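Source file work-v6.pdb; content: PDB, C-alpha atoms.
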```pdb
ATOM      1  CA  THR A  18      46.866   5.854 -79.401
ATOM      2  CA  THR A  19      48.100   3.639 -76.621
ATOM      3  CA  GLY A  20      46.570   0.425 -77.929
ATOM      4  CA  ILE A  21      44.684   0.058 -74.637
ATOM      5  CA  SER A  22      41.052   0.859 -75.313
ATOM      6  CA  SER A  23      40.193   2.187 -71.832
ATOM      7  CA  PHE A  24      43.214   4.525 -71.932
ATOM      8  CA  ASP A  25      42.417   5.717 -75.446
ATOM      9  CA  THR A  26      38.782   6.331 -74.524
ATOM     10  CA  SER A  27      39.853   8.307 -71.456
ATOM     11  CA  ILE A  28      42.250  10.424 -73.514
ATOM     12  CA  ILE A  29      39.490  11.209 -76.026
ATOM     13  CA  LYS A  30      37.018  12.130 -73.275
ATOM     14  CA  THR A  31      39.582  14.257 -71.420
ATOM     15  CA  LYS A  32      40.440  16.087 -74.641
ATOM     16  CA  GLY A  33      36.705  16.790 -75.010
ATOM     17  CA  TRP A  34      36.603  18.393 -71.559
ATOM     18  CA  ILE A  35      39.690  20.487 -72.356
ATOM     19  CA  ARG A  36      38.243  21.515 -75.727
ATOM     20  CA  ASP A  37      34.996  22.563 -74.030
ATOM     21  CA  VAL A  38      36.854  24.610 -71.386
ATOM     22  CA  ARG A  39      38.966  26.226 -74.100
ATOM     23  CA  GLN A  40      35.857  27.188 -76.077
ATOM     24  CA  GLU A  41      33.861  28.310 -73.038
ATOM     25  CA  LEU A  42      36.670  30.586 -71.831
ATOM     26  CA  GLY A  43      37.872  31.691 -75.262
ATOM     27  CA  LEU A  44      41.400  30.453 -74.614
ATOM     28  CA  ASP A  45      44.065  30.148 -77.294
ATOM     29  CA  ASP A  46      45.555  26.808 -76.330
ATOM     30  CA  ASP A  47      44.861  23.538 -74.609
ATOM     31  CA  GLN A  48      47.520  24.078 -71.928
ATOM     32  CA  GLN A  49      45.730  27.178 -70.627
ATOM     33  CA  ALA A  50      42.418  25.277 -70.675
ATOM     34  CA  TYR A  51      44.017  22.406 -68.758
ATOM     35  CA  VAL A  52      45.387  24.786 -66.112
ATOM     36  CA  ALA A  53      41.951  26.406 -65.720
ATOM     37  CA  LEU A  54      40.196  23.038 -65.487
ATOM     38  CA  ARG A  55      42.674  21.625 -62.985
ATOM     39  CA  GLY A  56      42.628  24.768 -60.819
ATOM     40  CA  VAL A  57      38.842  24.800 -60.532
ATOM     41  CA  LEU A  58      38.519  21.039 -60.038
ATOM     42  CA  HIS A  59      41.060  21.149 -57.195
ATOM     43  CA  ALA A  60      39.292  24.063 -55.492
ATOM     44  CA  LEU A  61      35.960  22.286 -55.917
ATOM     45  CA  ARG A  62      37.320  18.964 -54.651
ATOM     46  CA  ASP A  63      38.768  20.585 -51.546
ATOM     47  CA  ARG A  64      35.472  22.352 -50.771
ATOM     48  CA  LEU A  65      33.466  19.115 -50.924
ATOM     49  CA  THR A  66      33.140  16.460 -48.249
ATOM     50  CA  VAL A  67      35.360  13.460 -48.888
ATOM     51  CA  GLU A  68      32.300  11.406 -49.851
ATOM     52  CA  GLU A  69      30.948  14.019 -52.267
ATOM     53  CA  ALA A  70      34.422  14.567 -53.759
ATOM     54  CA  ALA A  71      34.593  10.823 -54.449
ATOM     55  CA  HIS A  72      31.130  10.811 -56.050
ATOM     56  CA  LEU A  73      32.128  13.629 -58.384
ATOM     57  CA  GLY A  74      35.490  12.021 -59.121
ATOM     58  CA  ALA A  75      33.755   8.798 -60.151
ATOM     59  CA  GLN A  76      32.099  10.655 -63.046
ATOM     60  CA  LEU A  77      35.318  12.031 -64.497
ATOM     61  CA  PRO A  78      37.198  10.304 -67.326
ATOM     62  CA  MET A  79      39.994   8.105 -65.942
ATOM     63  CA  LEU A  80      42.790  10.501 -66.988
ATOM     64  CA  LEU A  81      40.988  13.550 -65.628
ATOM     65  CA  ARG A  82      40.201  11.634 -62.434
ATOM     66  CA  GLY A  83      43.958  11.283 -61.912
ATOM     67  CA  VAL A  84      44.378  15.047 -62.325
ATOM     68  CA  TYR A  85      41.478  15.628 -59.926
ATOM     69  CA  TYR A  86      42.998  13.460 -57.192
ATOM     70  CA  ASP A  87      46.609  14.552 -57.795
ATOM     71  CA  GLY A  88      47.996  16.065 -54.592
ATOM     72  CA  TRP A  89      44.772  15.509 -52.653
ATOM     73  CA  HIS A  90      44.992  15.047 -48.913
ATOM     74  CA  PRO A  91      41.484  14.212 -47.672
ATOM     75  CA  ALA A  92      42.326  14.824 -44.006
ATOM     76  CA  GLY A  93      40.865  18.152 -42.927
ATOM     77  CA  LYS A  94      38.383  18.317 -45.791
ATOM     78  CA  PRO A  95      36.194  19.968 -46.679
ATOM     79  CA  LEU A  96      37.866  23.342 -46.430
ATOM     80  CA  LYS A  97      35.614  25.760 -44.564
ATOM     81  CA  ILE A  98      35.065  28.022 -47.561
ATOM     82  CA  ARG A  99      31.821  29.917 -47.121
ATOM     83  CA  HIS A 100      32.289  33.041 -49.215
ATOM     84  CA  LEU A 101      32.805  33.624 -52.901
ATOM     85  CA  GLU A 102      36.088  35.470 -52.382
ATOM     86  CA  GLU A 103      37.548  32.536 -50.438
ATOM     87  CA  PHE A 104      36.659  30.060 -53.157
ATOM     88  CA  LEU A 105      38.041  32.331 -55.872
ATOM     89  CA  GLU A 106      41.263  32.653 -53.882
ATOM     90  CA  GLU A 107      41.581  28.840 -53.976
ATOM     91  CA  VAL A 108      40.989  28.834 -57.732
ATOM     92  CA  ASN A 109      43.548  31.611 -58.133
ATOM     93  CA  LYS A 110      46.160  29.573 -56.242
ATOM     94  CA  GLY A 111      45.730  26.813 -58.799
ATOM     95  CA  ILE A 112      46.031  28.983 -61.902
ATOM     96  CA  THR A 113      48.252  31.948 -61.089
ATOM     97  CA  GLN A 114      51.691  30.553 -61.807
ATOM     98  CA  GLN A 115      50.815  28.735 -65.023
ATOM     99  CA  MET A 116      48.204  30.885 -66.685
ATOM    100  CA  ASN A 117      48.589  34.009 -68.777
ATOM    101  CA  PRO A 118      47.918  36.824 -66.248
ATOM    102  CA  LYS A 119      45.619  38.562 -68.756
ATOM    103  CA  LEU A 120      43.365  35.497 -68.728
ATOM    104  CA  ALA A 121      43.608  34.583 -65.038
ATOM    105  CA  ASP A 122      40.247  35.898 -63.826
ATOM    106  CA  PRO A 123      39.246  33.254 -61.254
ATOM    107  CA  GLN A 124      35.548  34.112 -61.278
ATOM    108  CA  ARG A 125      35.252  33.918 -65.065
ATOM    109  CA  ILE A 126      37.289  30.715 -65.060
ATOM    110  CA  ALA A 127      35.225  29.064 -62.294
ATOM    111  CA  LYS A 128      31.959  29.925 -64.051
ATOM    112  CA  GLY A 129      33.240  28.593 -67.364
ATOM    113  CA  VAL A 130      34.576  25.362 -65.894
ATOM    114  CA  PHE A 131      31.350  24.806 -63.950
ATOM    115  CA  LYS A 132      29.431  25.063 -67.241
ATOM    116  CA  VAL A 133      31.646  22.328 -68.635
ATOM    117  CA  VAL A 134      31.250  20.203 -65.500
ATOM    118  CA  GLU A 135      27.496  20.570 -65.843
ATOM    119  CA  LYS A 136      27.699  19.406 -69.458
ATOM    120  CA  HIS A 137      29.669  16.236 -68.679
ATOM    121  CA  VAL A 138      28.484  15.199 -65.202
ATOM    122  CA  SER A 139      25.038  13.829 -64.396
ATOM    123  CA  GLU A 140      22.346  16.311 -63.438
ATOM    124  CA  GLY A 141      21.894  14.575 -60.078
ATOM    125  CA  GLU A 142      25.564  14.822 -59.181
ATOM    126  CA  VAL A 143      25.759  18.468 -60.233
ATOM    127  CA  GLY A 144      22.705  19.115 -58.073
ATOM    128  CA  ASP A 145      24.333  17.375 -55.100
ATOM    129  CA  VAL A 146      27.566  19.336 -55.504
ATOM    130  CA  ARG A 147      25.807  22.637 -56.027
ATOM    131  CA  SER A 148      23.466  22.151 -53.069
ATOM    132  CA  SER A 149      26.469  21.490 -50.827
ATOM    133  CA  PHE A 150      27.696  25.013 -51.574
ATOM    134  CA  PRO A 151      26.651  28.015 -49.501
ATOM    135  CA  LYS A 152      24.348  30.366 -51.416
ATOM    136  CA  ASP A 153      27.196  32.819 -52.078
ATOM    137  CA  LEU A 154      29.152  30.159 -53.993
ATOM    138  CA  ARG A 155      26.170  28.853 -55.962
ATOM    139  CA  SER A 156      26.302  31.994 -58.097
ATOM    140  CA  LEU A 157      29.255  30.421 -59.916
ATOM    141  CA  TRP A 158      27.069  27.642 -61.314
ATOM    142  CA  PRO A 159      24.897  28.115 -64.402
ATOM    143  CA  GLU A 160      21.340  29.151 -63.535
ATOM    144  CA  ARG A 161      19.764  26.061 -65.050
ATOM    145  CA  ALA A 162      21.534  23.898 -62.429
ATOM    146  CA  GLU A 163      19.243  25.330 -59.743
ATOM    147  CA  ALA A 164      17.129  22.550 -58.337
TER     148      ALA A 164
END
```
Go ahead and render the structure in this file as structure tokens.
Amino acid sequence: TTGISSFDTSIIKTKGWIRDVRQELGLDDDQQAYVALRGVLHALRDRLTVEEAAHLGAQLPMLLRGVYYDGWHPAGKPLKIRHLEEFLEEVNKGITQQMNPKLADPQRIAKGVFKVVEKHVSEGEVGDVRSSFPKDLRSLWPERAEA
């Protein structure tokens, strides 16, 4: 522990997200789960408007929020990603170099991470994020998120 309650709480919550990603994707270690989570969150963040990216970021644990915003350049956002393959290419960019190639299936990873996002983020925010996606990309979200 750090001895700072807000930091310790954030670490515990972030570990919960990583544990959930690890379980959802059947990964062997937390590092692989972290890489998957970060890769999908960055692709998602860059596909959202700056305002919507900030709304989603506000619901992340403090530590994970730092990961989410790491390297973000809001100018030129959102990326004009309209098709599933384009989004999966963005996810792949975020996972390829640090993930076991046998596990680096961007579609499976995006679907798994979106299930975890849905578990931890408010239903309203998930609905806002999902509805901002073109129909082709909505297939990555769990069915029950359909509004």
Show me, as a list in words, the residues that have an atom within 10 Å of segment 26-34 of chain A when counting all atoms listed in the file, minus same-chain residues fewer than 2 positions from it.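 My reading of the contact set: Thr18, Thr19, Ile21, Ser22, Ser23, Phe24, Arg36, Asp37, Val38, Arg39, Gln40, Asp47, Ala50, Tyr51, Leu54, Leu77, Pro78, Met79, Leu80, Leu81, Arg82, Val130, Val133, Val134, Lys136 and His137 of chain A.
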At what distance in Å, to one decimal, does atom CA of Gly83 of chain A lie from atom CA of Arg99 of chain A? 26.7 Å
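For the structure in this document, the set picked by the PyMOL selection byres ((chain A and resi 92-96) around 6) is Asp63, Arg64, Leu65, Thr66, His90, Pro91, Lys97 and Ile98 of chain A.
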Would you compute an axis-aligned box for segment 83-90 of chain A, covering every atom listed for it in the file with 5 Å of margin on each side, and report centre and edge lengths in Å to one decimal as JSON?
```
{"center_x": 44.7, "center_y": 13.7, "center_z": -55.6, "size_x": 16.5, "size_y": 14.8, "size_z": 23.4}
```
Measure the distance from atom CA of Glu135 of chain A to atom CA of Leu157 of chain A in Å and round it to one decimal.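 Separating atom CA of Glu135 of chain A from atom CA of Leu157 of chain A is a distance of 11.6 Å.
Between atom CA of Ala60 of chain A and atom CA of Gly88 of chain A there is a distance of 11.9 Å.
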Taking the point (30.6, 18.2, -52.6) as given in the file, collect each protein or nucleic acid residue that comes within 8 Å of it, counting all atoms listed in the file, and present the set as a list in words. Leu61, Arg62, Arg64, Leu65, Thr66, Val67, Glu68, Glu69, Ala70, Leu73, Asp145, Val146, Arg147, Ser149 and Phe150 of chain A
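With all atoms listed in the file as the basis for measurement, A:Met116 is the residue among A:Trp158, A:Glu102, A:Met116, A:Ala75 that approaches Asp45 of chain A most closely.
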Top pick for closest residue to Arg55 of chain A, considering A:Val84, A:Val143, A:Ala121, A:Leu101 and counting only C-alpha atoms: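 Of A:Val84, A:Val143, A:Ala121, A:Leu101, the one nearest Arg55 of chain A, counting only C-alpha atoms, is A:Val84.
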